[in-house]
Amino acid sequence: MADAEEPMAVDSGCRDTGDWEGRWTHVKKFLERAGPFTHPDFEPSTESLQFLLDTCKVLVIGAGGLGCELLKNLALSGFQQIHVIDMDTIDVSNLNRQFLFRPKDVGRPKADVAAEFVNNRIPGCNVVPHFKKIQDFDESFYRQFHIIVCGLDSIIARRWINGMLMSLLSYEDGVLDPSSIIPLLDGGTEGFKGNARVILPGMTACIDCTLELYPPQINFPMCTIASMPRLPEHCIEYVRILQWPKENPFGEGVVLDGDDPEHIQWVFQKSLERAAEFKITGVTYRLTQGVVKRIIPAVASTNAVIAATCATEVFKIASSAYIPLNNYLVFNDVDGLYTYTFEAERKENCSACSQVPQKLHFSSSAKLQEVLDYLTENASLQMKTPAITATVDGKNKTLYLQTVASIEERTRPNLSRTLKELGLAEGQELAVADVTTPQTVLFKLNFTS
Amino acid sequence: MFGESARALCKRKRNEFKSGSVAMASVDKGKSTKKQKYDRQLRLWGDHGQDALENAHVCLINACATGTEILKNLVLPAFTIVDGHKVSGDDAGNNFFLTKSSIGRNRAQAATELLQELNNDVSGNFVEESPDKLLDNDPDFFCRFSLVIAVHLPESTILCLAAFLWGAGVPLLVCRTYGLIGYMRLVVKEHTVVESHPDNALENLRLDHPFPELKKHIQSYALENMEKRDHSHTPWIIVMAKYLEKWRSEHNSRCLRAIQKKKLFENLFDKISSGVDELLQDENSKNIKAQVFINQVEEDIGKLKSCVNSLLQENGLVVNVKDDYIHEFCR
């Protein structure tokens with residue numbers, strides 16, 4: 001059905017913001033008429049479009065590969081009150097797919113440039129940029145949004161925003177108040193693979209419920225790196241982990257910076273030497289950079305697919321016109337094209353969304369180090385740098401904290417003390433803070449012996 | 001005087017050399033900026049893949065939103081848009097590469113401008129013509145393209161276009177979107193994949209018939225006499241080969257049914273994984289190892305199956321190769 005054959009729809013209520021006749025014809029077809037695929041409870045109305053244009057507030061987290069696509073899609077779908085957060089500046093390597101950026105923009109904040117471009121191209125659209133980290137905002141900021149959609153590049157950040165939305169939920173007599181739910185749409189891509197999911201906090205599976213779905217990071221065993229390398233990657237890791245801290249080629253305490261070509265060049269040369277020692281081929285500058293920066297390949301098409309999926313779900317949820325994705329989509333076009341959708345299930349005792357009190361089972365003679373190891377290594381928790389505090393003898397005591405050097409040094413001896421020695425009692429509550437969650441997680445201590 | 005002109009000559013030569021090398025340097029810089037810009041996708045398909053993309057020329061018929069989205073993602077190949085329509089208000093409302101000021105202009109031209117703006121490396125052309133006219137008057141026009149993308153074309157046009165392109169050996173991608181429903185169909189005679197970049201390469205070392213150097217290498221390892229440390233650094237394929245030998249000698253059998261193999265592998269894996277940490281950590285998961293194992297000792301049943309199938313077909317018999325082994329394999 002060719003577009004040109006259709007008579008132009010008369011657009012009632014043109015606003016002064018550069019609108020034109022027919023501008024929202026396509027969007028209106030979704031909102032102003034029912035059909036065989038609409039939601040059973042859907043009532044067509046002319047007010048839906050106005051809601052999208054004037055009232056619905058959407059937050060886009062990330063203005064990179066997914067973010068650029070999301071902003072474009074949302075703006076063209078009628079969303080005009082959009083905020084975007086991104087803490088990064090534009091790099092040359094972004095230009096192959098982050099199409100809102102040009103060579104002249106390199107170095108500028110992504111959020112700013114993205115907002116400028118979209119506001120310019122789509123008249124009436126009001127994208128508000130925030131050149132900040134998501135952790136720089138609190139509940140009062142996030143509470144204002146109807147829907148939040150993420151195009152993040154880190155699992156930690158995903159868990160953080162997930163935790164934030166959980167903290168906004170209010171329960172009355174154990175019943176969840178639906179008006180406190182802010183839907184979270186999360187997209188992720190890596191090369192030719194991607195996924196998109198719909199999270200209704202407190203109702204569907206959350207990020208932490210399915211933590212085990214994420215493949216573990218590739219970390220080579222130290223013995224391989226130190227004495228028996230076989231791959232060019234082993235050589236590069238050797239230089240990065242062992243040689244750099246020993247030789248400090250750019251000065252004492254100067255940390256390896258993956259974005260500094262001189263640093264990479266040094267690592268590259270040393271890796272070649274190491275590789276020659278073991279007769280390993282394949283060390284290139286590009287590989288060196290990839291290993292040091294843990295670069296994930298990226299291409300426009302995958303981002304387009306996943307962002308389109310997410311944006312469609314934003315539209316469905318905001319308009320209540322269609323049944324949303326329930327609730328997890330995977331996409332892979334490495335070989336042909338494969339996609340699959342399933343319903344990820346909630347975890348009964350999820351530390352983020354289940355409200356089930358978390359328990360710790362340890363012998364009273366177990367050392368604090370064991371508890372720390374459990375918090376970081378347990379597949380469902382996967383904390384990064386947990387800080388543990390407890391109330392002992394009526395006073396708040398920091399048992400161990402590693403993110404501040406002076407406190408780390410002071411509390412380090414506690415790691416080799418037993419739980420009993422630290423004055424902890426059966427049934428004691430331990431409060432654990434970590435980058436993976438905006439709220440502290442409370443654990444109840446149960447002594448096994 | 002001679003000295004002066006000699007000095008002037010030297011100076012001129014030096015300047016020529018300098019500007020020559022500056023020209024060289026800027027070519028190099030251009031190349032390296034490109035490598036930087038396309039770094040993330042170069043890691044997927046390498047330099048040859050990138051060259052193939054840059055040297056391609058894609059034809060898009062109809063610059064509606066679906067079409068321009070496709071071109072946006074491609075970016076690199078030269079493109080030509082064929083579109084006889086004028087931009088309508090509807091078009092400008094749903095297409096990122098059309099604006100209010102595009103309304104009334106030819107759609108191919110308007111879209112080309114904003115698509116070109118995406119990237120300096122891109123070379124875009126437009127033809128203000130309907131594809132029907134081109135097919136009537138100058139069908140050879142389409143022969144120059146690496147790929148033709150037809151969006152929202154009526155069936156009669158598609159059939160005509162497809163027939164012509166099939167004969168000319170040009171791949172055709174047919175796309176259509178309607179509301180929340182999308183459709184795409186790829187029409188290509190044969191596509192050759194060279195230099196694939198698979199995520200997990202399943203090398204087939206043919207462990208059931210190791211080539212002489214491999215056999216010798218396997219034999220050079222004496223697993224029983226190894227310290228745990230050395231054992232855990234032995235490449236897992238060696239361990240696998242050793243145990244396969246052992247199993248063969250114990251069971252005096254060469255032919256393995258797929259189910260037997262799976263069971264064998266599981267027993268094997270449990271037995272040896274207690275000593276071999278490498279197996280569990282290094283890159284590959286148990287499932288991939290299992291698959292490789294099954295592949296290693298598979299007599300080339302895939303080839304056999306297709307040979308039998310074509311033989312049956314040639315002789316006008318029912319292509320129904322049913323035997324226990326095939327069933328299990330397909331499982």
# chains A, B, ... in the order shown; residues from 1 in each chain; ligands from 1
call {"tool": "residues_around", "arguments": {"residues": "range 186-194 of chain A", "least_positions_apart": "4", "cutoff": "7 Å", "atoms": "only C-alpha atoms", "output": "list in words"}}
result
Val149, Cys150, Gly151, Leu152, Val198, Ile296, Pro297, Ala298, Val299, Thr302, Asn303, Ile306, Ala307, Cys310, Val330, Phe331, Asn332, Asp333 and Val334 of chain A; Leu44 of chain B
call {"tool": "closest_atom_pairs", "arguments": {"of": "chain B", "to": "chain A", "cutoff": "8 Å", "atoms": "only C-alpha atoms", "output": "CSV"}}
result
residue,atom,partner,partner_atom,distance
B:Thr33,CA,A:Val92,CA,7.9
B:Gln36,CA,A:Ser93,CA,5.5
B:Lys37,CA,A:Ser93,CA,4.3
B:Tyr38,CA,A:Asn96,CA,5.5
B:Asp39,CA,A:Ser93,CA,6.1
B:Arg40,CA,A:Pro297,CA,4.6
B:Gln41,CA,A:Val299,CA,5.5
B:Leu42,CA,A:Pro297,CA,8.0
B:Arg43,CA,A:Pro297,CA,5.7
B:Leu44,CA,A:Pro297,CA,6.2
B:Asn73,CA,A:Ala300,CA,5.2
B:Leu74,CA,A:Ala300,CA,7.6
B:His85,CA,A:Ala4,CA,7.2
B:Ser88,CA,A:Ala4,CA,7.7
B:Gly89,CA,A:Gly22,CA,4.6
B:Asp90,CA,A:Gly22,CA,4.7
B:Asp91,CA,A:Arg23,CA,7.7
B:Ala92,CA,A:Arg23,CA,6.6
B:Gly93,CA,A:Arg23,CA,4.2
B:Asn94,CA,A:Leu76,CA,5.7
B:Asn95,CA,A:Leu76,CA,7.4
B:Phe96,CA,A:Lys72,CA,7.2
B:Thr99,CA,A:Arg121,CA,7.1
B:Lys100,CA,A:Trp20,CA,7.3
B:Leu118,CA,A:Phe99,CA,6.6
B:Asn119,CA,A:Arg102,CA,7.8
B:His152,CA,A:Ala2,CA,6.3
B:Leu153,CA,A:Ala2,CA,7.2
B:Pro154,CA,A:Met1,CA,7.2
B:Gly179,CA,A:Phe30,CA,7.4
B:Pro198,CA,A:Val334,CA,7.6
B:His233,CA,A:Met228,CA,7.8
B:Gln281,CA,A:Pro221,CA,7.9
B:Asp282,CA,A:Phe220,CA,7.0
B:Glu283,CA,A:Ile218,CA,7.2
call {"tool": "residues_around", "arguments": {"residues": "Asp257 in chain A", "least_positions_apart": "4", "cutoff": "10 Å", "atoms": "only C-alpha atoms", "output": "ChimeraX atom specification"}}
result
/A:261-264,292-293
call {"tool": "residues_around", "arguments": {"residues": "range 40-51 of chain A", "least_positions_apart": "5", "cutoff": "8 Å", "atoms": "only C-alpha atoms", "output": "list in words"}}
result
Val27, Lys28, Leu31, Glu32, Arg33, Ala34, Cys56, Gly78, Ser319, Ser320, Ala321 and Tyr322 of chain A
call {"tool": "write_last_selection", "arguments": {"atoms": "N, CA, C and O atoms", "output": "PDB file, in the first residue's frame"}}
result
ATOM      1  N   VAL A  27       1.298   8.100  13.375  1.00  0.00           N
ATOM      2  CA  VAL A  27       1.143   7.821  14.805  1.00  0.00           C
ATOM      3  C   VAL A  27      -0.329   7.716  15.172  1.00  0.00           C
ATOM      4  O   VAL A  27      -0.755   6.845  15.927  1.00  0.00           O
ATOM      5  N   LYS A  28      -1.121   8.583  14.575  1.00  0.00           N
ATOM      6  CA  LYS A  28      -2.548   8.582  14.897  1.00  0.00           C
ATOM      7  C   LYS A  28      -3.217   7.288  14.501  1.00  0.00           C
ATOM      8  O   LYS A  28      -4.176   6.840  15.141  1.00  0.00           O
ATOM      9  N   LEU A  31      -3.246   5.175  17.390  1.00  0.00           N
ATOM     10  CA  LEU A  31      -3.912   5.612  18.612  1.00  0.00           C
ATOM     11  C   LEU A  31      -5.396   5.900  18.439  1.00  0.00           C
ATOM     12  O   LEU A  31      -6.142   5.923  19.420  1.00  0.00           O
ATOM     13  N   GLU A  32      -5.831   6.156  17.207  1.00  0.00           N
ATOM     14  CA  GLU A  32      -7.203   6.618  17.036  1.00  0.00           C
ATOM     15  C   GLU A  32      -8.113   5.595  16.392  1.00  0.00           C
ATOM     16  O   GLU A  32      -9.233   5.922  15.991  1.00  0.00           O
ATOM     17  N   ARG A  33      -7.628   4.383  16.257  1.00  0.00           N
ATOM     18  CA  ARG A  33      -8.526   3.356  15.773  1.00  0.00           C
ATOM     19  C   ARG A  33      -8.141   2.019  16.387  1.00  0.00           C
ATOM     20  O   ARG A  33      -6.971   1.720  16.590  1.00  0.00           O
ATOM     21  N   ALA A  34      -9.180   1.200  16.696  1.00  0.00           N
ATOM     22  CA  ALA A  34      -8.911  -0.128  17.240  1.00  0.00           C
ATOM     23  C   ALA A  34      -8.661  -1.080  16.089  1.00  0.00           C
ATOM     24  O   ALA A  34      -8.905  -0.745  14.935  1.00  0.00           O
ATOM     25  N   CYS A  56       3.658  12.994  28.689  1.00  0.00           N
ATOM     26  CA  CYS A  56       4.436  11.796  29.011  1.00  0.00           C
ATOM     27  C   CYS A  56       5.920  12.123  29.089  1.00  0.00           C
ATOM     28  O   CYS A  56       6.516  12.627  28.140  1.00  0.00           O
ATOM     29  N   GLY A  78       6.267  10.747  18.688  1.00  0.00           N
ATOM     30  CA  GLY A  78       5.394  11.707  19.347  1.00  0.00           C
ATOM     31  C   GLY A  78       5.799  12.082  20.753  1.00  0.00           C
ATOM     32  O   GLY A  78       5.205  12.958  21.362  1.00  0.00           O
ATOM     33  N   SER A 319       0.924   4.294  25.590  1.00  0.00           N
ATOM     34  CA  SER A 319      -0.380   4.471  24.966  1.00  0.00           C
ATOM     35  C   SER A 319      -1.406   3.452  25.447  1.00  0.00           C
ATOM     36  O   SER A 319      -2.596   3.613  25.215  1.00  0.00           O
ATOM     37  N   SER A 320      -0.934   2.403  26.111  1.00  0.00           N
ATOM     38  CA  SER A 320      -1.784   1.269  26.513  1.00  0.00           C
ATOM     39  C   SER A 320      -2.537   0.688  25.330  1.00  0.00           C
ATOM     40  O   SER A 320      -3.590   0.061  25.497  1.00  0.00           O
ATOM     41  N   ALA A 321      -2.029   0.890  24.149  1.00  0.00           N
ATOM     42  CA  ALA A 321      -2.768   0.462  22.955  1.00  0.00           C
ATOM     43  C   ALA A 321      -2.451  -0.965  22.541  1.00  0.00           C
ATOM     44  O   ALA A 321      -3.233  -1.590  21.838  1.00  0.00           O
ATOM     45  N   TYR A 322      -1.304  -1.457  22.937  1.00  0.00           N
ATOM     46  CA  TYR A 322      -0.901  -2.799  22.511  1.00  0.00           C
ATOM     47  C   TYR A 322      -0.323  -3.569  23.685  1.00  0.00           C
ATOM     48  O   TYR A 322       0.138  -2.996  24.659  1.00  0.00           O
TER      49      TYR A 322
END
call {"tool": "residues_around", "arguments": {"residues": "range 166-172 of chain B", "least_positions_apart": "6", "cutoff": "8 Å", "atoms": "only C-alpha atoms", "output": "list in words"}}
result
Cys143, Phe145, Ser146, Leu147, Val148, Ile149, Ala150, Leu186, Val187, Val188 and Lys189 of chain B
call {"tool": "residues_around", "arguments": {"residues": "range 340-356 of chain A", "least_positions_apart": "6", "cutoff": "10 Å", "atoms": "only C-alpha atoms", "output": "VMD selection string"}}
result
chain A and resid 159 to 160 162 to 167 169 195 to 199 201 to 211 325 to 332 380 to 381 436 to 437 439 441 to 443
call {"tool": "atom_distance", "arguments": {"atom1": "CA of Tyr285 in chain A", "atom2": "CA of Phe268 in chain A"}}
result
5.9 Å
call {"tool": "select_by_dssp", "arguments": {"residues": "range 200-407 of chain A", "states": "alpha helix (DSSP H)", "output": "PyMOL selection string"}}
result
chain A and resi 222-227+232-238+244-247+261-277+285-292+300-319+368-377+405-407
call {"tool": "residues_around", "arguments": {"residues": "Leu231 in chain A", "least_positions_apart": "4", "cutoff": "9 Å", "atoms": "only C-alpha atoms", "output": "list in words"}}
result
Cys235, Ala275, Ile280, Thr281, Gly282 and Val283 of chain A
call {"tool": "select_by_dssp", "arguments": {"residues": "range 74-275 of chain A", "states": "strand (DSSP E)", "output": "ChimeraX atom specification"}}
result
/A:81-85,126-130,147-150,171-172,175-176,184-190,193-199
call {"tool": "atom_distance", "arguments": {"atom1": "CA of Pro232 in chain A", "atom2": "CA of Ser271 in chain A"}}
result
7.9 Å
call {"tool": "decode", "arguments": {"residues": "range 413-438 of chain A", "atoms": "N, CA and C atoms", "output": "mmCIF file, in the first residue's frame"}}
result
data_model
loop_
_atom_site.group_PDB
_atom_site.id
_atom_site.type_symbol
_atom_site.label_atom_id
_atom_site.label_comp_id
_atom_site.auth_asym_id
_atom_site.auth_seq_id
_atom_site.Cartn_x
_atom_site.Cartn_y
_atom_site.Cartn_z
ATOM 1 N N PRO A 413 42.416 -5.461 58.944
ATOM 2 C CA PRO A 413 42.644 -6.533 59.936
ATOM 3 C C PRO A 413 41.369 -7.293 60.294
ATOM 4 N N ASN A 414 40.208 -6.659 60.151
ATOM 5 C CA ASN A 414 38.960 -7.344 60.491
ATOM 6 C C ASN A 414 38.702 -8.551 59.615
ATOM 7 N N LEU A 415 39.264 -8.519 58.411
ATOM 8 C CA LEU A 415 39.007 -9.613 57.473
ATOM 9 C C LEU A 415 39.506 -10.943 58.007
ATOM 10 N N SER A 416 40.603 -10.892 58.800
ATOM 11 C CA SER A 416 41.124 -12.158 59.311
ATOM 12 C C SER A 416 40.612 -12.482 60.707
ATOM 13 N N ARG A 417 39.662 -11.649 61.188
ATOM 14 C CA ARG A 417 39.051 -11.955 62.494
ATOM 15 C C ARG A 417 37.788 -12.763 62.289
ATOM 16 N N THR A 418 37.444 -13.564 63.292
ATOM 17 C CA THR A 418 36.211 -14.351 63.171
ATOM 18 C C THR A 418 35.011 -13.474 63.480
ATOM 19 N N LEU A 419 33.845 -13.931 63.061
ATOM 20 C CA LEU A 419 32.609 -13.170 63.279
ATOM 21 C C LEU A 419 32.358 -13.012 64.783
ATOM 22 N N LYS A 420 32.724 -14.053 65.528
ATOM 23 C CA LYS A 420 32.540 -13.999 66.980
ATOM 24 C C LYS A 420 33.453 -12.930 67.575
ATOM 25 N N GLU A 421 34.708 -12.952 67.117
ATOM 26 C CA GLU A 421 35.676 -11.968 67.622
ATOM 27 C C GLU A 421 35.239 -10.544 67.329
ATOM 28 N N LEU A 422 34.528 -10.355 66.209
ATOM 29 C CA LEU A 422 34.093 -9.005 65.833
ATOM 30 C C LEU A 422 32.875 -8.574 66.640
ATOM 31 N N GLY A 423 32.383 -9.466 67.504
ATOM 32 C CA GLY A 423 31.261 -9.098 68.367
ATOM 33 C C GLY A 423 29.903 -9.270 67.718
ATOM 34 N N LEU A 424 29.850 -10.092 66.654
ATOM 35 C CA LEU A 424 28.567 -10.276 65.975
ATOM 36 C C LEU A 424 27.787 -11.407 66.627
ATOM 37 N N ALA A 425 26.479 -11.209 66.684
ATOM 38 C CA ALA A 425 25.638 -12.194 67.368
ATOM 39 C C ALA A 425 24.697 -12.882 66.391
ATOM 40 N N GLU A 426 24.133 -13.995 66.830
ATOM 41 C CA GLU A 426 23.141 -14.734 66.036
ATOM 42 C C GLU A 426 21.954 -13.816 65.764
ATOM 43 N N GLY A 427 21.478 -13.795 64.503
ATOM 44 C CA GLY A 427 20.329 -12.977 64.164
ATOM 45 C C GLY A 427 20.690 -11.526 63.898
ATOM 46 N N GLN A 428 21.969 -11.233 64.007
ATOM 47 C CA GLN A 428 22.454 -9.866 63.778
ATOM 48 C C GLN A 428 22.199 -9.425 62.354
ATOM 49 N N GLU A 429 21.900 -8.129 62.178
ATOM 50 C CA GLU A 429 21.732 -7.601 60.826
ATOM 51 C C GLU A 429 23.020 -6.943 60.359
ATOM 52 N N LEU A 430 23.432 -7.322 59.144
ATOM 53 C CA LEU A 430 24.586 -6.656 58.537
ATOM 54 C C LEU A 430 24.076 -5.802 57.391
ATOM 55 N N ALA A 431 24.519 -4.567 57.341
ATOM 56 C CA ALA A 431 24.120 -3.685 56.243
ATOM 57 C C ALA A 431 25.258 -3.652 55.233
ATOM 58 N N VAL A 432 24.934 -3.995 53.981
ATOM 59 C CA VAL A 432 25.977 -4.041 52.954
ATOM 60 C C VAL A 432 25.682 -3.015 51.876
ATOM 61 N N ALA A 433 26.666 -2.158 51.607
ATOM 62 C CA ALA A 433 26.529 -1.174 50.522
ATOM 63 C C ALA A 433 27.458 -1.580 49.386
ATOM 64 N N ASP A 434 27.021 -1.306 48.143
ATOM 65 C CA ASP A 434 27.846 -1.692 46.998
ATOM 66 C C ASP A 434 27.432 -0.870 45.777
ATOM 67 N N VAL A 435 28.318 -0.755 44.789
ATOM 68 C CA VAL A 435 27.987 0.027 43.581
ATOM 69 C C VAL A 435 26.829 -0.563 42.796
ATOM 70 N N THR A 436 26.533 -1.842 43.054
ATOM 71 C CA THR A 436 25.488 -2.486 42.277
ATOM 72 C C THR A 436 24.087 -2.123 42.747
ATOM 73 N N THR A 437 23.983 -1.357 43.845
ATOM 74 C CA THR A 437 22.648 -1.006 44.335
ATOM 75 C C THR A 437 22.670 0.342 45.044
ATOM 76 N N PRO A 438 21.644 1.177 44.796
ATOM 77 C CA PRO A 438 21.615 2.486 45.457
ATOM 78 C C PRO A 438 21.234 2.396 46.933
#
